[in-house]
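See below for upload.cif, which holds mmCIF, C-alpha atoms.
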```cif
data_target
#
loop_
_atom_site.group_PDB
_atom_site.id
_atom_site.type_symbol
_atom_site.label_atom_id
_atom_site.label_comp_id
_atom_site.auth_asym_id
_atom_site.auth_seq_id
_atom_site.Cartn_x
_atom_site.Cartn_y
_atom_site.Cartn_z
ATOM 1 C CA MET A 1 95.547 85.883 94.287
ATOM 2 C CA ALA A 2 97.005 89.404 94.157
ATOM 3 C CA LYS A 3 99.637 90.233 96.747
ATOM 4 C CA GLU A 4 98.287 92.339 99.595
ATOM 5 C CA TYR A 5 100.488 95.220 100.643
ATOM 6 C CA LEU A 6 100.703 96.738 104.089
ATOM 7 C CA GLY A 7 99.136 100.103 104.824
ATOM 8 C CA ASN A 8 101.003 102.702 106.879
ATOM 9 C CA LEU A 9 99.131 101.962 110.105
ATOM 10 C CA GLU A 10 99.346 98.209 109.521
ATOM 11 C CA LEU A 11 103.123 98.447 109.175
ATOM 12 C CA MET A 12 103.376 100.545 112.351
ATOM 13 C CA VAL A 13 101.198 98.039 114.214
ATOM 14 C CA LEU A 14 103.354 95.103 113.072
ATOM 15 C CA LEU A 15 106.582 96.873 114.053
ATOM 16 C CA SER A 16 105.113 97.803 117.404
ATOM 17 C CA LEU A 17 103.950 94.213 117.898
ATOM 18 C CA MET A 18 107.519 93.003 117.287
ATOM 19 C CA ARG A 19 108.886 95.523 119.776
ATOM 20 C CA VAL A 20 106.394 94.704 122.538
ATOM 21 C CA GLY A 21 106.931 90.940 122.184
ATOM 22 C CA ASP A 22 105.031 88.382 124.266
ATOM 23 C CA ASN A 23 102.813 90.795 126.181
ATOM 24 C CA ALA A 24 101.357 92.394 123.054
ATOM 25 C CA TYR A 25 97.735 93.454 123.400
ATOM 26 C CA GLY A 26 95.917 96.643 122.382
ATOM 27 C CA VAL A 27 97.183 99.001 125.109
ATOM 28 C CA PRO A 28 100.978 98.388 124.869
ATOM 29 C CA ILE A 29 100.779 98.249 121.059
ATOM 30 C CA SER A 30 99.114 101.674 120.829
ATOM 31 C CA GLN A 31 101.433 103.093 123.545
ATOM 32 C CA GLU A 32 104.479 101.899 121.589
ATOM 33 C CA ILE A 33 103.196 103.617 118.443
ATOM 34 C CA GLU A 34 102.559 106.800 120.416
ATOM 35 C CA LEU A 35 106.028 106.649 122.010
ATOM 36 C CA ARG A 36 107.914 106.034 118.761
ATOM 37 C CA THR A 37 105.945 108.230 116.370
ATOM 38 C CA GLY A 38 104.383 110.880 118.597
ATOM 39 C CA ARG A 39 101.006 110.039 117.085
ATOM 40 C CA ASP A 40 98.010 109.422 119.315
ATOM 41 C CA VAL A 41 96.390 106.458 117.557
ATOM 42 C CA ALA A 42 92.831 105.468 118.524
ATOM 43 C CA LEU A 43 92.619 101.983 120.021
ATOM 44 C CA GLY A 44 89.704 101.218 117.699
ATOM 45 C CA SER A 45 91.880 101.943 114.659
ATOM 46 C CA VAL A 46 94.648 99.712 116.069
ATOM 47 C CA TYR A 47 92.133 96.876 116.518
ATOM 48 C CA ALA A 48 90.709 97.391 113.024
ATOM 49 C CA ALA A 49 94.278 97.152 111.637
ATOM 50 C CA LEU A 50 94.994 94.049 113.753
ATOM 51 C CA ASP A 51 91.794 92.421 112.464
ATOM 52 C CA ARG A 52 92.853 93.048 108.874
ATOM 53 C CA LEU A 53 96.338 91.686 109.604
ATOM 54 C CA GLU A 54 94.850 88.584 111.179
ATOM 55 C CA ARG A 55 92.659 87.980 108.124
ATOM 56 C CA LYS A 56 95.745 88.322 105.911
ATOM 57 C CA GLY A 57 97.549 85.770 108.096
ATOM 58 C CA PHE A 58 100.213 88.192 109.368
ATOM 59 C CA VAL A 59 99.202 87.924 113.037
ATOM 60 C CA THR A 60 97.342 85.476 115.264
ATOM 61 C CA SER A 61 95.446 86.237 118.460
ATOM 62 C CA THR A 62 94.538 84.392 121.644
ATOM 63 C CA MET A 63 92.337 85.393 124.563
ATOM 64 C CA GLY A 64 93.835 85.695 128.053
ATOM 65 C CA ASP A 65 92.036 85.446 131.386
ATOM 66 C CA PRO A 66 89.541 88.091 132.555
ATOM 67 C CA THR A 67 90.992 90.564 135.081
ATOM 68 C CA PRO A 68 89.149 92.787 137.628
ATOM 69 C CA GLU A 69 90.994 96.003 136.610
ATOM 70 C CA ARG A 70 89.503 95.566 133.143
ATOM 71 C CA GLY A 71 85.968 95.140 134.462
ATOM 72 C CA GLY A 72 86.231 91.364 134.168
ATOM 73 C CA ARG A 73 87.209 91.510 130.513
ATOM 74 C CA ALA A 74 89.988 89.396 129.038
ATOM 75 C CA LYS A 75 92.987 90.649 127.104
ATOM 76 C CA ARG A 76 93.386 89.686 123.468
ATOM 77 C CA TYR A 77 97.049 88.874 122.877
ATOM 78 C CA PHE A 78 98.573 89.165 119.418
ATOM 79 C CA GLN A 79 101.571 87.380 117.918
ATOM 80 C CA ILE A 80 103.235 88.058 114.593
ATOM 81 C CA THR A 81 103.467 85.069 112.235
ATOM 82 C CA ALA A 82 106.404 84.069 110.022
ATOM 83 C CA LYS A 83 104.389 85.386 107.067
ATOM 84 C CA GLY A 84 104.007 88.710 108.917
ATOM 85 C CA VAL A 85 107.774 88.954 109.557
ATOM 86 C CA ARG A 86 108.426 88.290 105.855
ATOM 87 C CA GLU A 87 105.942 91.004 104.932
ATOM 88 C CA VAL A 88 107.672 93.533 107.223
ATOM 89 C CA ARG A 89 111.057 92.646 105.648
ATOM 90 C CA ASP A 90 109.567 93.130 102.152
ATOM 91 C CA ALA A 91 108.122 96.500 103.158
ATOM 92 C CA GLN A 92 111.490 97.545 104.629
ATOM 93 C CA ARG A 93 113.299 96.539 101.427
ATOM 94 C CA MET A 94 110.802 98.374 99.227
ATOM 95 C CA LEU A 95 110.860 101.546 101.310
ATOM 96 C CA THR A 96 114.665 101.529 101.595
ATOM 97 C CA ASN A 97 114.908 101.255 97.793
ATOM 98 C CA MET A 98 112.505 104.150 97.422
ATOM 99 C CA TRP A 99 114.519 106.271 99.863
ATOM 100 C CA LYS A 100 117.924 105.516 98.349
ATOM 101 C CA ASN A 101 119.708 108.462 96.670
ATOM 102 C CA LEU A 102 116.849 110.885 97.117
ATOM 103 C CA SER A 103 118.535 114.242 96.807
ATOM 104 C CA VAL A 104 115.514 116.045 98.251
ATOM 105 C CA LEU A 105 115.992 114.203 101.516
ATOM 106 C CA GLN A 106 119.764 114.803 101.536
ATOM 107 C CA GLY A 107 119.229 118.545 101.751
ATOM 108 C CA GLU A 108 120.466 119.349 98.215
ATOM 109 C CA ILE A 109 117.145 120.818 97.200
ATOM 110 C CA VAL A 110 115.152 122.868 99.694
ATOM 111 C CA MET B 1 90.127 106.563 143.819
ATOM 112 C CA THR B 2 89.566 105.215 140.326
ATOM 113 C CA ARG B 3 86.311 106.345 138.795
ATOM 114 C CA GLN B 4 84.365 104.014 136.577
ATOM 115 C CA PRO B 5 84.301 104.851 132.856
ATOM 116 C CA PRO B 6 81.003 106.167 131.416
ATOM 117 C CA ALA B 7 78.696 103.130 131.478
ATOM 118 C CA LEU B 8 76.723 104.252 128.417
ATOM 119 C CA ALA B 9 79.891 104.505 126.307
ATOM 120 C CA THR B 10 80.899 100.976 127.358
ATOM 121 C CA TRP B 11 77.393 99.750 126.543
ATOM 122 C CA VAL B 12 77.483 101.363 123.089
ATOM 123 C CA LEU B 13 80.956 99.949 122.463
ATOM 124 C CA GLU B 14 80.010 96.417 123.437
ATOM 125 C CA ARG B 15 76.724 96.472 121.502
ATOM 126 C CA PHE B 16 78.204 97.901 118.307
ATOM 127 C CA CYS B 17 81.772 96.616 118.300
ATOM 128 C CA ALA B 18 82.187 92.871 118.509
ATOM 129 C CA ASP B 19 85.855 92.768 119.576
ATOM 130 C CA PRO B 20 86.156 91.108 123.003
ATOM 131 C CA GLY B 21 89.487 92.715 123.916
ATOM 132 C CA LEU B 22 88.789 96.316 122.973
ATOM 133 C CA ALA B 23 86.379 97.296 125.777
ATOM 134 C CA GLY B 24 88.775 95.879 128.391
ATOM 135 C CA ASP B 25 91.695 97.799 126.852
ATOM 136 C CA LEU B 26 89.725 101.041 126.934
ATOM 137 C CA ILE B 27 88.713 100.477 130.576
ATOM 138 C CA GLU B 28 92.381 99.812 131.445
ATOM 139 C CA GLU B 29 93.500 102.993 129.658
ATOM 140 C CA TYR B 30 90.700 104.986 131.275
ATOM 141 C CA ALA B 31 92.129 104.147 134.710
ATOM 142 C CA ARG B 32 95.341 105.908 133.625
ATOM 143 C CA ARG B 33 93.827 108.864 131.781
ATOM 144 C CA GLN B 34 90.652 109.512 133.834
ATOM 145 C CA SER B 35 88.982 111.438 131.029
ATOM 146 C CA ALA B 36 85.360 110.725 130.142
ATOM 147 C CA ARG B 37 85.754 112.819 126.995
ATOM 148 C CA TRP B 38 88.711 110.678 125.856
ATOM 149 C CA TYR B 39 86.744 107.509 126.613
ATOM 150 C CA TRP B 40 83.696 108.621 124.637
ATOM 151 C CA LYS B 41 85.860 109.694 121.698
ATOM 152 C CA GLN B 42 87.636 106.324 121.680
ATOM 153 C CA ALA B 43 84.330 104.417 121.897
ATOM 154 C CA VAL B 44 82.743 106.346 119.010
ATOM 155 C CA MET B 45 85.898 106.049 116.871
ATOM 156 C CA ALA B 46 86.098 102.323 117.611
ATOM 157 C CA VAL B 47 82.514 101.764 116.488
ATOM 158 C CA GLY B 48 83.131 103.809 113.323
ATOM 159 C CA ALA B 49 86.432 102.062 112.518
ATOM 160 C CA TYR B 50 84.918 98.641 113.187
ATOM 161 C CA SER B 51 81.864 99.295 110.988
ATOM 162 C CA VAL B 52 83.846 100.769 108.094
ATOM 163 C CA SER B 53 86.325 97.895 108.290
ATOM 164 C CA GLN B 54 83.497 95.329 108.174
ATOM 165 C CA ILE B 55 81.788 97.102 105.260
ATOM 166 C CA MET B 56 85.047 97.201 103.282
ATOM 167 C CA GLU B 57 85.687 93.545 104.052
ATOM 168 C CA HIS B 58 82.161 92.439 103.063
ATOM 169 C CA LYS B 59 81.198 94.823 100.266
ATOM 170 C CA TRP B 60 78.610 92.558 98.649
ATOM 171 C CA LEU B 61 76.965 91.966 101.985
ATOM 172 C CA ALA B 62 76.732 95.748 102.410
ATOM 173 C CA VAL B 63 75.126 95.990 98.968
ATOM 174 C CA ARG B 64 72.656 93.284 100.031
ATOM 175 C CA ALA B 65 71.883 95.164 103.253
ATOM 176 C CA ILE B 66 71.200 98.367 101.322
ATOM 177 C CA ALA B 67 69.038 96.479 98.797
ATOM 178 C CA THR B 68 67.104 94.830 101.653
ATOM 179 C CA GLY B 69 66.514 98.160 103.379
ATOM 180 C CA TYR B 70 65.477 99.782 100.117
ATOM 181 C CA ALA B 71 63.035 96.943 99.309
ATOM 182 C CA ILE B 72 61.427 97.216 102.762
ATOM 183 C CA TRP B 73 61.184 100.994 102.396
ATOM 184 C CA TYR B 74 59.691 100.690 98.892
ATOM 185 C CA VAL B 75 57.077 98.066 99.798
ATOM 186 C CA PHE B 76 56.004 99.360 103.202
ATOM 187 C CA ASN B 77 56.757 103.106 103.334
ATOM 188 C CA ALA B 78 56.488 104.226 99.727
ATOM 189 C CA THR B 79 53.784 101.834 98.451
ATOM 190 C CA LEU B 80 51.624 100.640 101.363
ATOM 191 C CA LEU B 81 51.857 103.611 103.723
ATOM 192 C CA GLN B 82 52.027 106.513 101.288
ATOM 193 C CA GLY B 83 50.046 104.873 98.455
ATOM 194 C CA PHE B 84 47.238 103.139 100.359
ATOM 195 C CA VAL B 85 47.091 103.972 104.080
ATOM 196 C CA ARG B 86 47.559 107.738 103.745
ATOM 197 C CA PRO B 87 44.834 108.225 101.048
ATOM 198 C CA TRP B 88 42.502 105.831 102.910
ATOM 199 C CA LEU B 89 43.071 107.460 106.301
ATOM 200 C CA ALA B 90 43.195 111.006 104.831
ATOM 201 C CA PRO B 91 44.627 112.412 108.078
ATOM 202 C CA ASP B 92 43.136 115.766 109.096
ATOM 203 C CA THR B 93 43.496 115.952 112.839
ATOM 204 C CA THR B 94 46.800 116.126 114.689
ATOM 205 C CA LEU B 95 46.044 112.749 116.244
ATOM 206 C CA GLU B 96 45.595 111.087 112.844
ATOM 207 C CA LYS B 97 48.757 112.694 111.533
ATOM 208 C CA ALA B 98 50.654 111.545 114.633
ATOM 209 C CA ALA B 99 49.306 108.011 114.159
ATOM 210 C CA LEU B 100 50.507 107.948 110.557
ATOM 211 C CA LEU B 101 53.915 109.305 111.589
ATOM 212 C CA THR B 102 54.210 106.671 114.329
ATOM 213 C CA LEU B 103 53.320 103.962 111.835
ATOM 214 C CA GLY B 104 55.995 105.278 109.472
ATOM 215 C CA TYR B 105 58.643 105.221 112.213
ATOM 216 C CA ALA B 106 57.538 101.741 113.273
ATOM 217 C CA VAL B 107 58.322 100.576 109.735
ATOM 218 C CA TRP B 108 61.769 102.221 109.942
ATOM 219 C CA LEU B 109 62.356 100.483 113.292
ATOM 220 C CA ALA B 110 61.383 97.152 111.724
ATOM 221 C CA ASN B 111 63.647 97.948 108.770
ATOM 222 C CA GLY B 112 66.709 98.381 111.030
ATOM 223 C CA TRP B 113 65.730 95.226 112.946
ATOM 224 C CA THR B 114 65.333 93.165 109.759
ATOM 225 C CA ILE B 115 68.659 94.299 108.258
ATOM 226 C CA ALA B 116 70.412 93.396 111.530
ATOM 227 C CA LYS B 117 68.710 89.997 111.723
ATOM 228 C CA LEU B 118 69.484 89.083 108.112
ATOM 229 C CA HIS B 119 73.138 90.100 108.277
ATOM 230 C CA ARG B 120 74.478 88.425 111.390
ATOM 231 C CA PRO B 121 77.256 88.409 112.574
ATOM 232 C CA TYR B 122 77.908 91.745 110.855
ATOM 233 C CA SER B 123 74.557 93.280 111.794
ATOM 234 C CA THR B 124 75.921 96.539 113.215
ATOM 235 C CA ALA B 125 78.137 97.262 110.230
ATOM 236 C CA MET B 126 75.364 96.418 107.769
ATOM 237 C CA VAL B 127 72.805 98.652 109.524
ATOM 238 C CA PHE B 128 75.502 101.336 109.466
ATOM 239 C CA ALA B 129 75.897 100.775 105.680
ATOM 240 C CA TYR B 130 72.170 101.335 105.157
ATOM 241 C CA VAL B 131 72.240 104.400 107.435
ATOM 242 C CA LEU B 132 75.074 105.852 105.320
ATOM 243 C CA TRP B 133 73.027 105.168 102.192
ATOM 244 C CA ALA B 134 69.949 106.804 103.778
ATOM 245 C CA ILE B 135 72.044 109.882 104.613
ATOM 246 C CA VAL B 136 73.344 110.108 101.038
ATOM 247 C CA ALA B 137 69.797 109.603 99.656
ATOM 248 C CA SER B 138 68.586 112.434 101.915
ATOM 249 C CA VAL B 139 70.943 114.985 100.383
ATOM 250 C CA PRO B 140 68.913 115.874 97.212
ATOM 251 C CA PRO B 141 65.542 116.467 98.978
ATOM 252 C CA VAL B 142 67.167 118.375 101.857
ATOM 253 C CA TYR B 143 69.167 120.419 99.343
ATOM 254 C CA THR B 144 65.961 121.315 97.442
ATOM 255 C CA VAL B 145 64.177 122.460 100.607
ATOM 256 C CA ALA B 146 67.292 124.383 101.719
ATOM 257 C CA VAL B 147 67.479 126.198 98.354
ATOM 258 C CA ASN B 148 63.749 126.983 98.525
ATOM 259 C CA THR B 149 64.243 128.346 102.035
ATOM 260 C CA ILE B 150 67.177 130.527 100.980
ATOM 261 C CA THR B 151 65.309 131.891 97.940
ATOM 262 C CA GLY B 152 62.247 132.546 100.092
ATOM 263 C CA SER B 153 59.864 130.081 98.357
ATOM 264 C CA THR B 154 59.272 128.306 101.663
ATOM 265 C CA ASP B 155 59.819 129.315 105.253
ATOM 266 C CA GLY B 156 62.517 127.964 107.540
ATOM 267 C CA SER B 157 60.135 125.744 109.470
ATOM 268 C CA LYS B 158 59.810 123.367 106.496
ATOM 269 C CA LEU B 159 63.577 122.898 106.418
ATOM 270 C CA ALA B 160 63.614 122.279 110.173
ATOM 271 C CA VAL B 161 60.821 119.679 109.855
ATOM 272 C CA GLU B 162 62.662 117.994 106.954
ATOM 273 C CA LEU B 163 65.897 117.762 108.935
ATOM 274 C CA ILE B 164 64.225 116.567 112.144
ATOM 275 C CA THR B 165 62.178 113.945 110.254
ATOM 276 C CA ARG B 166 65.259 112.541 108.532
ATOM 277 C CA LEU B 167 67.307 112.604 111.729
ATOM 278 C CA GLY B 168 64.452 110.716 113.368
ATOM 279 C CA VAL B 169 64.596 108.094 110.614
ATOM 280 C CA ILE B 170 68.330 107.556 111.179
ATOM 281 C CA VAL B 171 67.932 107.286 114.959
ATOM 282 C CA THR B 172 65.009 104.866 114.504
ATOM 283 C CA LEU B 173 66.972 102.694 112.050
ATOM 284 C CA ILE B 174 69.933 102.494 114.446
ATOM 285 C CA THR B 175 67.582 101.733 117.352
ATOM 286 C CA GLY B 176 66.007 98.867 115.391
ATOM 287 C CA GLY B 177 69.437 97.452 114.580
ATOM 288 C CA THR B 178 70.615 97.856 118.173
ATOM 289 C CA LEU B 179 67.546 96.115 119.585
ATOM 290 C CA ALA B 180 68.087 93.153 117.252
ATOM 291 C CA ALA B 181 71.807 92.911 118.116
ATOM 292 C CA TYR B 182 71.037 93.278 121.838
ATOM 293 C CA ARG B 183 68.428 90.522 121.690
ATOM 294 C CA ASP B 184 70.929 88.239 119.955
ATOM 295 C CA GLN B 185 73.534 88.926 122.641
ATOM 296 C CA LEU B 186 71.017 88.162 125.393
ATOM 297 C CA LYS B 187 70.094 84.946 123.644
ATOM 298 C CA GLN B 188 73.779 84.081 123.255
ATOM 299 C CA ALA B 189 74.390 84.733 126.963
ATOM 300 C CA ARG B 190 71.425 82.525 127.919
ATOM 301 C CA THR B 191 72.530 79.601 125.784
ATOM 302 C CA GLY B 192 76.191 80.102 126.750
ATOM 303 C CA ALA B 193 77.215 80.237 123.098
ATOM 304 C CA GLN B 194 80.700 81.550 122.337
ATOM 305 C CA ALA B 195 80.769 84.996 120.774
ATOM 306 C CA TRP B 196 84.445 84.538 119.929
ATOM 307 C CA PRO B 197 85.934 83.553 117.556
ATOM 308 C CA ARG B 198 83.639 85.340 115.150
ATOM 309 C CA GLU B 199 81.475 83.305 112.878
ATOM 310 C CA SER B 200 82.619 82.919 109.327
ATOM 311 C CA PRO B 201 80.742 84.831 106.593
ATOM 312 C CA GLY B 202 79.348 81.475 105.509
ATOM 313 C CA ALA B 203 77.339 81.317 108.728
ATOM 314 C CA LEU B 204 75.199 84.318 107.796
ATOM 315 C CA ALA B 205 71.995 82.446 107.352
ATOM 316 C CA GLY B 206 71.701 81.796 111.119
#
```
So, in terms of structure tokens, how does the structure I just supplied come out?
Amino acid sequence: MAKEYLGNLELMVLLSLMRVGDNAYGVPISQEIELRTGRDVALGSVYAALDRLERKGFVTSTMGDPTPERGGRAKRYFQITAKGVREVRDAQRMLTNMWKNLSVLQGEIV
Amino acid sequence: MTRQPPALATWVLERFCADPGLAGDLIEEYARRQSARWYWKQAVMAVGAYSVSQIMEHKWLAVRAIATGYAIWYVFNATLLQGFVRPWLAPDTTLEKAALLTLGYAVWLANGWTIAKLHRPYSTAMVFAYVLWAIVASVPPVYTVAVNTITGSTDGSKLAVELITRLGVIVTLITGGTLAAYRDQLKQARTGAQAWPRESPGALAG
């Protein structure tokens, strides 16, 4: 089977998931992305990315207990898998290699 | 005091987007933001993102949904209704024309319902796929009428009727799909069946 690469949003979601840790569900994940990147990401897009990541085996999810402040709806908690961590490392290595010695980014060419 | 989020937006979200955590997350965020506009935008974007994601994930199923919708349209609207019922009825009065129009929309409603029923658990996304196809298929005839209107061959009212009729078709298709999905959810609630985790694609025949 062909290797599946991470999209930009998927990578941001995985990194955010790693930063948030144990309490990772939709709201803190999207807030972390907003805080770190300044981008206001729609929760629906975050969930669509998380669904894709779960299908690829990079994250797993479990349902919490329903809470009154959420209208009796449960939280869906996400955890990154070992495969997901490996994928983030691969993406980091690839991107770092692409960035290395780029004169345009070192201000030599404007 | 914390206001409740728009109930209709929550309803739309829960009918069209199967994720059990998303609606709760949006309600939680709404308590912080207190913006109905933000909530509606998030709900609509969530439904769109969910449907597109499901279509991309199950491309052949989307093709099947479009083929199903097209077959129903061809047999009932194009052949039976336009080929047999219309010539037989030969509608002259407004009442007869209205009856024929109602019959046509009833078929569209049944079309949306059937696509939803045959493509569970991805019914919403698959109805959405057919709606997208119907929009694309509407472009050539609408374009022709628009050009005729601009060149003066026909008056503007024909273009307005064309647009309203096609918009009506899309709304009717979505309504049919929604009714089918809603009925399934009611049935699921009655039997206490688990909506989560989602069924595998292999369970489509249900």
- Message: Assuming the chain letters and numbering stay as they are in my file, what does the PyMOL selection byres ((chain B) within 6 of (chain A)) actually select? List them as an NGL selection string.
- Response: :B and (21 or 24-25 or 27-28 or 46 or 49-50)
Take the residues from that selection and put them in a file with C-alpha atoms, as a PDB file, in the frame of the given file.
```pdb
ATOM      1  CA  GLY B  21      89.487  92.715 123.916  1.00  0.00           C
ATOM      2  CA  GLY B  24      88.775  95.879 128.391  1.00  0.00           C
ATOM      3  CA  ASP B  25      91.695  97.799 126.852  1.00  0.00           C
ATOM      4  CA  ILE B  27      88.713 100.477 130.576  1.00  0.00           C
ATOM      5  CA  GLU B  28      92.381  99.812 131.445  1.00  0.00           C
ATOM      6  CA  ALA B  46      86.098 102.323 117.611  1.00  0.00           C
ATOM      7  CA  ALA B  49      86.432 102.062 112.518  1.00  0.00           C
ATOM      8  CA  TYR B  50      84.918  98.641 113.187  1.00  0.00           C
TER       9      TYR B  50
END
```
- Evaluate the PyMOL selection byres ((chain B and resi 65-75) around 9) and record the selected residues as a ChimeraX atom specification, following the chain and residue labels used in the document. /B:60-64,76-81,107-108,110-112,114-116,118-119,126-127,129-131,133-134
Saved selection, atoms kept: C-alpha atoms, as a short mmCIF file (atom, residue, chain, number, x, y, z; two decimals), keeping the file's coordinate frame:
```cif
data_model
loop_
_atom_site.label_atom_id
_atom_site.label_comp_id
_atom_site.auth_asym_id
_atom_site.auth_seq_id
_atom_site.Cartn_x
_atom_site.Cartn_y
_atom_site.Cartn_z
CA TRP B 60 78.61 92.56 98.65
CA LEU B 61 76.96 91.97 101.98
CA ALA B 62 76.73 95.75 102.41
CA VAL B 63 75.13 95.99 98.97
CA ARG B 64 72.66 93.28 100.03
CA PHE B 76 56.00 99.36 103.20
CA ASN B 77 56.76 103.11 103.33
CA ALA B 78 56.49 104.23 99.73
CA THR B 79 53.78 101.83 98.45
CA LEU B 80 51.62 100.64 101.36
CA LEU B 81 51.86 103.61 103.72
CA VAL B 107 58.32 100.58 109.74
CA TRP B 108 61.77 102.22 109.94
CA ALA B 110 61.38 97.15 111.72
CA ASN B 111 63.65 97.95 108.77
CA GLY B 112 66.71 98.38 111.03
CA THR B 114 65.33 93.16 109.76
CA ILE B 115 68.66 94.30 108.26
CA ALA B 116 70.41 93.40 111.53
CA LEU B 118 69.48 89.08 108.11
CA HIS B 119 73.14 90.10 108.28
CA MET B 126 75.36 96.42 107.77
CA VAL B 127 72.81 98.65 109.52
CA ALA B 129 75.90 100.78 105.68
CA TYR B 130 72.17 101.34 105.16
CA VAL B 131 72.24 104.40 107.44
CA TRP B 133 73.03 105.17 102.19
CA ALA B 134 69.95 106.80 103.78
#
```
- Do you know which residues are at most 12 Å from Tyr182 in chain B counting all atoms listed in the file, after dropping those on the same chain fewer than 3 positions away, and could you put them as an MDAnalysis selection string? chainID B and resid 11:18 113 116:117 123:124 174:179 185:189
- Length of the CA of Arg86 in chain A to CA of Ser53 in chain B vector [Å]: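 Separation between CA of Arg86 in chain A and CA of Ser53 in chain B: 24.2 Å.
We find CA of Val47 in chain B and CA of Glu34 in chain A to be spaced 21.0 Å apart.
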